[in-house]
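Asker: Contents of work16.csv (CSV, C-alpha atoms):
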```csv
chain,number,residue,atom,x,y,z
B,18,MET,CA,35.0,179.3,-46.1
B,19,MET,CA,36.9,178.0,-43.1
B,20,PRO,CA,35.8,179.3,-39.6
B,21,ALA,CA,38.4,181.7,-38.1
B,22,ALA,CA,39.2,179.4,-35.2
B,23,GLU,CA,39.9,176.4,-37.5
B,24,GLN,CA,41.9,178.7,-39.8
B,25,GLU,CA,44.0,179.7,-36.8
B,26,ARG,CA,44.6,176.0,-35.8
B,27,TRP,CA,45.7,175.2,-39.3
B,28,GLU,CA,48.1,178.1,-39.3
B,29,VAL,CA,49.8,176.9,-36.1
B,30,LEU,CA,49.9,173.4,-37.4
B,31,GLU,CA,51.5,174.5,-40.6
B,32,LYS,CA,53.9,176.9,-38.9
B,33,ILE,CA,55.3,174.2,-36.6
B,34,GLY,CA,55.5,171.9,-39.7
B,35,ALA,CA,57.6,174.4,-41.6
B,36,TYR,CA,59.8,174.9,-38.5
B,37,ALA,CA,60.3,171.1,-38.2
B,38,ALA,CA,61.3,171.0,-41.9
B,39,GLY,CA,63.9,173.8,-41.3
B,40,GLU,CA,62.1,176.2,-43.6
B,41,LEU,CA,61.6,179.1,-41.2
B,42,GLU,CA,64.1,181.9,-40.5
B,43,GLY,CA,64.3,185.0,-38.3
B,44,GLU,CA,61.2,186.2,-36.7
B,45,GLU,CA,59.0,183.4,-38.0
B,46,ALA,CA,61.4,180.8,-36.6
B,47,ARG,CA,61.4,182.6,-33.2
B,48,GLU,CA,57.6,182.6,-33.1
B,49,ALA,CA,57.5,178.9,-33.8
B,50,GLU,CA,60.1,178.2,-31.1
B,51,SER,CA,58.2,180.2,-28.5
B,52,LEU,CA,55.0,178.2,-29.3
B,53,ILE,CA,57.0,175.0,-28.9
B,54,PHE,CA,58.6,176.0,-25.6
B,55,GLU,CA,55.3,177.4,-24.1
B,56,ARG,CA,53.1,174.3,-24.8
B,57,PRO,CA,54.1,170.7,-24.3
B,58,ASP,CA,51.6,169.5,-26.9
B,59,TYR,CA,53.2,171.8,-29.5
B,60,ARG,CA,56.6,170.3,-28.6
B,61,ARG,CA,55.2,166.8,-29.2
B,62,LEU,CA,53.7,168.1,-32.4
B,63,ALA,CA,57.2,169.3,-33.6
B,64,GLU,CA,58.7,165.9,-32.6
B,65,SER,CA,55.9,164.2,-34.5
B,66,TYR,CA,56.6,166.3,-37.6
B,67,ALA,CA,60.3,165.4,-37.3
B,68,ARG,CA,59.5,161.7,-37.1
B,69,MET,CA,57.1,162.0,-40.1
B,70,LEU,CA,59.7,163.8,-42.2
B,71,VAL,CA,62.3,161.1,-41.6
B,72,MET,CA,59.7,158.5,-42.5
B,73,LEU,CA,58.8,160.2,-45.7
B,74,ASN,CA,62.4,160.7,-46.7
B,75,THR,CA,63.1,157.0,-46.0
B,76,PHE,CA,60.0,156.0,-47.9
B,77,GLY,CA,61.1,158.2,-50.8
B,78,ASN,CA,64.6,156.7,-50.9
B,79,GLU,CA,63.4,153.1,-51.0
B,80,HIS,CA,64.2,151.3,-54.2
B,81,VAL,CA,61.1,150.7,-56.3
B,82,GLU,CA,61.2,147.9,-58.8
B,83,VAL,CA,59.6,148.9,-62.1
B,84,PRO,CA,57.4,146.2,-63.6
B,85,GLU,CA,58.9,144.9,-66.8
B,86,ALA,CA,55.5,145.3,-68.4
B,87,VAL,CA,55.8,149.1,-68.1
B,88,ILE,CA,59.1,149.2,-70.0
B,89,ASN,CA,58.1,146.6,-72.5
B,90,PHE,CA,54.8,148.4,-73.2
B,91,ALA,CA,56.5,151.8,-73.7
B,92,LEU,CA,59.1,150.4,-76.1
B,93,ARG,CA,56.6,148.3,-78.1
B,94,ARG,CA,54.3,151.3,-78.6
B,95,ALA,CA,57.3,153.4,-79.8
B,96,TYR,CA,58.5,150.7,-82.2
B,97,VAL,CA,55.0,150.1,-83.6
B,98,SER,CA,54.5,153.9,-84.0
B,99,ALA,CA,57.8,154.4,-85.7
B,100,PHE,CA,57.1,151.4,-88.0
B,101,MET,CA,53.7,152.8,-88.9
B,102,ARG,CA,55.3,156.2,-89.7
B,103,SER,CA,57.8,154.6,-92.0
B,104,ALA,CA,55.2,152.4,-93.6
B,105,GLU,CA,53.0,155.4,-94.2
B,106,VAL,CA,55.8,157.3,-95.9
B,107,PHE,CA,56.8,154.2,-98.0
B,108,LEU,CA,53.2,153.3,-99.1
B,109,GLY,CA,52.5,157.0,-99.8
B,110,SER,CA,55.5,157.3,-102.2
B,111,LEU,CA,54.7,153.9,-103.7
B,112,GLY,CA,51.1,154.8,-104.3
B,113,ARG,CA,52.1,158.1,-105.9
B,114,SER,CA,54.4,156.3,-108.3
B,115,TYR,CA,51.7,153.8,-109.3
B,116,LEU,CA,49.3,156.7,-109.8
B,117,ASP,CA,51.8,158.6,-111.9
B,118,ALA,CA,52.4,155.5,-114.1
B,119,PHE,CA,48.6,154.9,-114.5
B,120,VAL,CA,48.0,158.5,-115.5
B,121,TYR,CA,50.8,158.3,-118.0
B,122,TYR,CA,49.5,154.9,-119.3
B,123,LEU,CA,46.0,156.4,-119.9
B,124,GLY,CA,47.7,159.2,-121.8
B,125,LEU,CA,46.3,161.9,-119.5
B,126,ARG,CA,49.7,163.4,-119.2
B,127,PRO,CA,52.2,164.0,-122.0
B,128,GLY,CA,55.5,162.2,-121.8
B,129,PRO,CA,58.8,164.0,-121.5
B,130,ALA,CA,59.3,166.7,-124.0
B,131,GLN,CA,61.0,165.6,-127.2
B,132,GLU,CA,64.4,167.1,-127.7
B,133,GLY,CA,64.7,169.4,-130.8
B,134,TYR,CA,67.3,168.8,-133.4
B,135,GLY,CA,68.3,172.4,-133.4
B,136,GLY,CA,67.2,173.5,-136.9
B,137,GLY,CA,66.2,170.1,-138.4
B,138,ILE,CA,67.1,168.8,-141.8
A,26,MET,CA,70.3,169.6,-67.5
A,27,SER,CA,72.1,166.4,-68.4
A,28,ALA,CA,73.6,166.8,-71.8
A,29,ALA,CA,73.1,163.1,-72.5
A,30,ASP,CA,69.4,163.3,-71.7
A,31,ARG,CA,69.0,166.4,-74.0
A,32,ASN,CA,70.9,164.7,-76.8
A,33,LEU,CA,68.7,161.5,-76.4
A,34,ALA,CA,65.5,163.6,-76.3
A,35,LEU,CA,66.5,165.5,-79.5
A,36,ARG,CA,67.2,162.2,-81.3
A,37,ALA,CA,64.0,160.7,-80.1
A,38,ALA,CA,62.1,163.8,-81.4
A,39,ARG,CA,63.5,163.0,-84.9
A,40,GLY,CA,62.0,159.5,-84.5
A,41,ASP,CA,65.0,157.6,-83.2
A,42,VAL,CA,63.4,154.8,-81.2
A,43,GLY,CA,66.8,153.6,-79.8
A,44,ALA,CA,67.2,157.0,-78.2
A,45,PHE,CA,63.7,156.9,-76.8
A,46,SER,CA,64.4,153.4,-75.5
A,47,SER,CA,67.5,154.7,-73.6
A,48,LEU,CA,65.3,157.4,-72.0
A,49,VAL,CA,62.8,154.9,-70.9
A,50,GLN,CA,65.4,152.6,-69.4
A,51,GLU,CA,67.1,155.5,-67.6
A,52,HIS,CA,63.9,157.2,-66.2
A,53,SER,CA,61.3,154.5,-65.9
A,54,GLY,CA,62.1,154.4,-62.2
A,55,LEU,CA,61.3,158.1,-61.7
A,56,VAL,CA,57.9,157.8,-63.5
A,57,TYR,CA,56.8,154.6,-61.7
A,58,ARG,CA,58.0,155.7,-58.3
A,59,VAL,CA,56.1,159.0,-58.5
A,60,SER,CA,53.0,157.4,-59.9
A,61,LEU,CA,53.2,154.8,-57.0
A,62,ARG,CA,53.5,157.5,-54.4
A,63,VAL,CA,50.7,159.7,-55.8
A,64,LEU,CA,48.2,157.0,-56.9
A,65,GLY,CA,49.1,153.8,-55.1
A,66,ALA,CA,49.9,150.4,-56.5
A,67,ARG,CA,46.6,149.8,-58.1
A,68,ASP,CA,46.9,152.6,-60.7
A,69,ALA,CA,50.6,153.2,-60.9
A,70,GLN,CA,51.3,150.8,-63.7
A,71,ASP,CA,48.6,152.1,-66.1
A,72,ALA,CA,49.6,155.7,-65.3
A,73,SER,CA,53.3,155.0,-66.0
A,74,GLN,CA,52.4,153.4,-69.4
A,75,GLU,CA,50.2,156.4,-70.2
A,76,VAL,CA,53.1,158.8,-69.3
A,77,TRP,CA,55.5,157.1,-71.7
A,78,ILE,CA,52.9,157.2,-74.5
A,79,LYS,CA,52.6,161.0,-73.9
A,80,VAL,CA,56.3,161.4,-73.8
A,81,TRP,CA,56.7,159.7,-77.2
A,82,ARG,CA,53.9,161.7,-78.7
A,83,ASN,CA,55.1,165.0,-77.4
A,84,ILE,CA,58.9,164.7,-77.4
A,85,LYS,CA,59.0,167.1,-80.4
A,86,ASN,CA,57.6,169.8,-78.0
A,87,PHE,CA,60.6,169.4,-75.6
A,88,ARG,CA,62.7,172.4,-76.3
A,89,GLY,CA,65.4,171.7,-73.7
A,90,GLU,CA,64.7,175.0,-71.8
A,91,SER,CA,64.4,173.0,-68.6
A,92,ALA,CA,65.9,169.7,-67.5
A,93,PHE,CA,64.4,166.6,-69.2
A,94,THR,CA,63.6,165.2,-65.7
A,95,THR,CA,61.6,168.4,-64.9
A,96,TRP,CA,59.6,167.9,-68.1
A,97,LEU,CA,59.1,164.3,-67.3
A,98,TYR,CA,58.0,165.1,-63.7
A,99,ARG,CA,55.4,167.5,-65.2
A,100,ILE,CA,54.0,164.9,-67.6
A,101,THR,CA,53.9,162.3,-64.8
A,102,MET,CA,52.2,164.6,-62.3
A,103,ASN,CA,49.6,165.8,-64.9
A,104,THR,CA,48.8,162.2,-65.7
A,105,CYS,CA,48.5,161.2,-62.1
A,106,LEU,CA,46.3,164.3,-61.2
A,107,SER,CA,44.0,163.6,-64.2
A,108,VAL,CA,43.6,160.0,-63.0
A,109,ARG,CA,42.7,161.3,-59.6
A,110,GLN,CA,40.1,163.7,-61.0
A,111,LYS,CA,38.3,160.8,-62.7
A,112,GLU,CA,37.8,159.1,-59.4
A,113,SER,CA,35.5,160.1,-56.6
A,114,ARG,CA,37.5,162.3,-54.2
A,115,ARG,CA,38.3,160.8,-50.8
A,116,ASP,CA,37.8,163.2,-48.0
A,117,GLU,CA,40.8,164.9,-46.4
A,118,ARG,CA,40.9,163.9,-42.7
A,119,HIS,CA,39.0,166.5,-40.7
A,120,TYR,CA,41.2,168.5,-38.3
A,121,ASP,CA,39.2,168.6,-35.1
A,122,GLY,CA,41.7,170.8,-33.2
A,123,GLU,CA,43.3,167.9,-31.3
A,124,VAL,CA,47.1,168.2,-31.8
A,125,PRO,CA,48.2,165.2,-33.9
A,126,PHE,CA,50.8,163.0,-32.4
A,127,LEU,CA,53.0,160.3,-33.9
A,128,ALA,CA,54.3,157.8,-31.5
A,129,GLU,CA,58.0,157.2,-31.1
A,130,PRO,CA,59.2,154.0,-32.8
A,131,PRO,CA,59.9,151.1,-30.4
A,132,GLY,CA,63.7,151.5,-30.5
A,133,GLY,CA,63.5,155.3,-30.1
A,134,ASP,CA,64.2,158.0,-32.7
A,135,ALA,CA,67.9,157.5,-32.6
A,136,ASP,CA,67.8,153.8,-33.3
A,137,PRO,CA,69.3,153.3,-36.8
A,138,GLU,CA,67.3,150.1,-37.2
A,139,THR,CA,64.1,152.1,-37.1
A,140,ALA,CA,65.3,154.2,-40.0
A,141,ALA,CA,64.3,151.4,-42.3
A,142,LEU,CA,60.5,151.3,-42.5
A,143,ASN,CA,58.8,148.1,-41.4
A,144,ALA,CA,55.8,146.8,-43.5
A,145,GLU,CA,53.3,148.2,-41.0
A,146,ARG,CA,54.7,151.8,-41.2
A,147,ARG,CA,54.8,151.5,-45.0
A,148,VAL,CA,51.1,150.6,-45.1
A,149,GLU,CA,50.3,153.5,-42.7
A,150,ILE,CA,52.1,156.0,-45.0
A,151,GLU,CA,50.3,154.7,-48.1
A,152,ALA,CA,47.0,154.8,-46.4
A,153,ALA,CA,47.6,158.3,-45.0
A,154,LEU,CA,48.7,159.7,-48.4
A,155,GLU,CA,45.2,158.7,-49.7
A,156,HIS,CA,43.7,161.2,-47.3
A,157,VAL,CA,45.7,164.2,-48.5
A,158,ARG,CA,44.2,166.2,-51.3
A,159,ALA,CA,45.7,165.3,-54.7
A,160,GLU,CA,47.5,168.7,-55.4
A,161,HIS,CA,48.8,168.8,-51.8
A,162,ARG,CA,49.9,165.2,-52.0
A,163,ALA,CA,51.7,165.9,-55.4
A,164,ALA,CA,53.6,168.8,-53.8
A,165,LEU,CA,54.4,166.8,-50.7
A,166,VAL,CA,55.8,163.9,-52.7
A,167,LEU,CA,57.9,166.2,-54.8
A,168,ARG,CA,59.3,168.0,-51.8
A,169,HIS,CA,59.8,165.4,-49.1
A,170,MET,CA,60.2,162.2,-51.1
A,171,GLU,CA,61.8,163.4,-54.4
A,172,GLY,CA,63.7,166.2,-52.7
A,173,LEU,CA,62.8,169.0,-55.3
A,174,SER,CA,63.2,172.7,-54.5
A,175,TYR,CA,60.2,174.9,-54.3
A,176,ALA,CA,61.2,176.5,-57.7
A,177,GLU,CA,61.3,173.1,-59.3
A,178,ILE,CA,57.9,172.1,-57.7
A,179,ALA,CA,56.4,175.3,-59.0
A,180,GLU,CA,57.7,174.5,-62.5
A,181,VAL,CA,56.5,170.9,-62.5
A,182,LEU,CA,53.0,171.8,-61.2
A,183,ASP,CA,52.8,175.0,-63.3
A,184,VAL,CA,51.9,177.2,-60.3
A,185,PRO,CA,53.5,180.2,-58.7
A,186,ASP,CA,56.3,179.6,-56.1
A,187,GLY,CA,54.0,180.7,-53.2
A,188,THR,CA,51.3,178.3,-54.2
A,189,ALA,CA,53.8,175.4,-54.4
A,190,LYS,CA,55.0,176.4,-50.9
A,191,GLY,CA,51.4,176.6,-49.6
A,192,TRP,CA,50.5,173.2,-51.1
A,193,VAL,CA,53.5,171.5,-49.5
A,194,SER,CA,52.7,173.1,-46.1
A,195,ARG,CA,49.1,172.1,-46.2
A,196,GLY,CA,50.0,168.6,-47.5
A,197,ARG,CA,52.5,168.2,-44.6
A,198,ALA,CA,49.9,169.1,-42.0
A,199,ALA,CA,47.2,167.0,-43.6
A,200,MET,CA,49.6,164.0,-43.8
A,201,LEU,CA,50.5,164.3,-40.1
A,202,ILE,CA,46.8,164.4,-39.2
A,203,ALA,CA,46.1,161.3,-41.4
A,204,LEU,CA,49.2,159.5,-40.2
A,205,SER,CA,48.5,160.0,-36.5
A,206,LYS,CA,45.0,158.6,-37.1
A,207,GLU,CA,46.4,155.6,-39.0
A,208,ASN,CA,49.1,155.2,-36.3
A,209,GLY,CA,46.5,155.2,-33.6
A,210,ARG,CA,44.4,152.5,-35.3
A,211,LYS,CA,44.6,149.1,-33.8
A,212,PRO,CA,46.2,146.4,-36.1
A,213,GLY,CA,43.6,144.8,-38.4
A,214,GLU,CA,41.1,147.6,-38.0
A,215,ALA,CA,39.7,148.6,-41.4
A,216,GLY,CA,40.1,152.1,-42.8
A,217,PRO,CA,37.1,154.4,-43.6
```
Before anything else, please render the file you have as structure tokens.
Answerer:
Amino acid sequence: MMPAAEQERWEVLEKIGAYAAGELEGEEAREAESLIFERPDYRRLAESYARMLVMLNTFGNEHVEVPEAVINFALRRAYVSAFMRSAEVFLGSLGRSYLDAFVYYLGLRPGPAQEGYGGGI
Amino acid sequence: MSAADRNLALRAARGDVGAFSSLVQEHSGLVYRVSLRVLGARDAQDASQEVWIKVWRNIKNFRGESAFTTWLYRITMNTCLSVRQKESRRDERHYDGEVPFLAEPPGGDADPETAALNAERRVEIEAALEHVRAEHRAALVLRHMEGLSYAEIAEVLDVPDGTAKGWVSRGRAAMLIALSKENGRKPGEAGP
């Protein structure tokens, strides 16, 4: 649990941060403004926040080169996975066919029913 | 959401690797950039690869109720936060009550040349981010670097809107404290 005095300091810090980010309206914005006008250190704090937000925005907008290895790895894994799925399906059906043929060869399962002649001779 | 992304995601869910490949080409920048901001250069590549494995495995669960990018942000953030949990936590900078201050850049705030960050500033930002608690950092990155709304941040991090707002607010304050300490450090001085 944070001591009350420290809690209060964080609240002021966060309130001025929210004001600098343009996220406060009405009464909350006026409270932040009066803090900033009353104390020079809070004014410097608001200016520091504004500087930081510009820096973060600039940092976030900088182009980042994605290493080729990331893209190649992702695609290789997907292709291998898709191939394994197809191979599994193919080998599964091939195995079933061989098993069916073997069972039939051993005579464990009767062949297709003979067609009747419809009354015979 | 982008109809093209949705279409590609649905095709990828049916096992179409070509469609998945298009999604990777289109969005690998987002995944790597966010991983880099949250984890730093050392872990960003591994995390990005892990994200794409998860996307391929779970693409069938993507129902198209939210934008594909929101779903992708969520997988990326979950992966990054789980990487962070595995590591020993670095302490958030202690706020001793002294009002943090960030010095004006040499050319002044209005100088357009200072809008581009120099290498020193970039190192300071990366070092300061390390001292912001992982959830707060994630929210801060989404808000002030990726430009997401609070509703989107809440959806990505799977928390109520108020929590998302609180995390951004705390992250912003912690970042300024850390950055002012990094900024005040003499060049060449090692971090903690």
Asker: With all atoms listed in the file counted, which protein, DNA or RNA residues have an atom no more than 10 Å from (58.9, 170.9, -77.3) in the file frame? Please answer as a list in words.
Answerer: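 Within the cut-off we find Ala34, Leu35, Ala38, Asn83, Ile84, Lys85, Asn86, Phe87, Arg88, Gly89, Glu90 and Trp96 of chain A.
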Asker: I'd like a table as a Markdown table: residues in chain B with an atom no more than 8 Å from chain A, each row giving the shortest atom pair and its distance in Å to one decimal, only C-alpha atoms counted, sorted by chain and rising residue number.
Answerer:
```
| residue | atom | partner | partner_atom | distance |
| --- | --- | --- | --- | --- |
| B:Glu23 | CA | A:Gly122 | CA | 7.3 |
| B:Arg26 | CA | A:Gly122 | CA | 6.5 |
| B:Trp27 | CA | A:Ala198 | CA | 7.9 |
| B:Leu30 | CA | A:Ala198 | CA | 6.3 |
| B:Glu31 | CA | A:Ser194 | CA | 5.8 |
| B:Gly34 | CA | A:Ala198 | CA | 6.7 |
| B:Ala35 | CA | A:Ser194 | CA | 6.8 |
| B:Asp58 | CA | A:Val124 | CA | 6.8 |
| B:Tyr59 | CA | A:Val124 | CA | 7.4 |
| B:Arg61 | CA | A:Phe126 | CA | 6.6 |
| B:Leu62 | CA | A:Phe126 | CA | 5.9 |
| B:Ser65 | CA | A:Leu127 | CA | 4.9 |
| B:Tyr66 | CA | A:Leu201 | CA | 6.9 |
| B:Arg68 | CA | A:Leu127 | CA | 7.4 |
| B:Met69 | CA | A:Leu201 | CA | 7.0 |
| B:Leu70 | CA | A:His169 | CA | 7.1 |
| B:Val71 | CA | A:Ala140 | CA | 7.7 |
| B:Met72 | CA | A:Leu142 | CA | 7.2 |
| B:Leu73 | CA | A:Met170 | CA | 5.9 |
| B:Asn74 | CA | A:Met170 | CA | 5.1 |
| B:Thr75 | CA | A:Ala141 | CA | 6.8 |
| B:Phe76 | CA | A:Met170 | CA | 7.0 |
| B:Gly77 | CA | A:Met170 | CA | 4.1 |
| B:Asn78 | CA | A:Met170 | CA | 7.0 |
| B:Val81 | CA | A:Arg58 | CA | 6.2 |
| B:Glu82 | CA | A:Gly54 | CA | 7.4 |
| B:Val83 | CA | A:Gly54 | CA | 6.0 |
| B:Pro84 | CA | A:Gln70 | CA | 7.6 |
| B:Val87 | CA | A:Gln74 | CA | 5.6 |
| B:Ile88 | CA | A:Val49 | CA | 6.9 |
| B:Phe90 | CA | A:Gln74 | CA | 6.7 |
| B:Ala91 | CA | A:Trp77 | CA | 5.8 |
| B:Leu92 | CA | A:Ser46 | CA | 6.1 |
| B:Arg94 | CA | A:Ile78 | CA | 7.3 |
| B:Ala95 | CA | A:Val42 | CA | 6.4 |
| B:Tyr96 | CA | A:Val42 | CA | 6.5 |
| B:Ala99 | CA | A:Gly40 | CA | 6.7 |
```
Asker: Kindly indicate which residue among A:Ala189, A:Ala179, A:Leu106, A:Ala203 lies nearest to Val157 in chain A, using all atoms listed in the file for the distances.
Answerer: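 Distance minimum relative to Val157 in chain A lands on A:Ala203.
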Asker: What is the distance between CA of Leu182 in chain A and CA of Arg99 in chain A, in Å to one decimal?
Answerer: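 Spanning CA of Leu182 in chain A to CA of Arg99 in chain A is a straight-line distance of 6.3 Å.
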Asker: Expressed in Å to a single decimal, how great is the separation between CA of Thr95 in chain A and CA of Ala164 in chain A?
Answerer: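 Computed distance, CA of Thr95 in chain A to CA of Ala164 in chain A, equals 13.7 Å.
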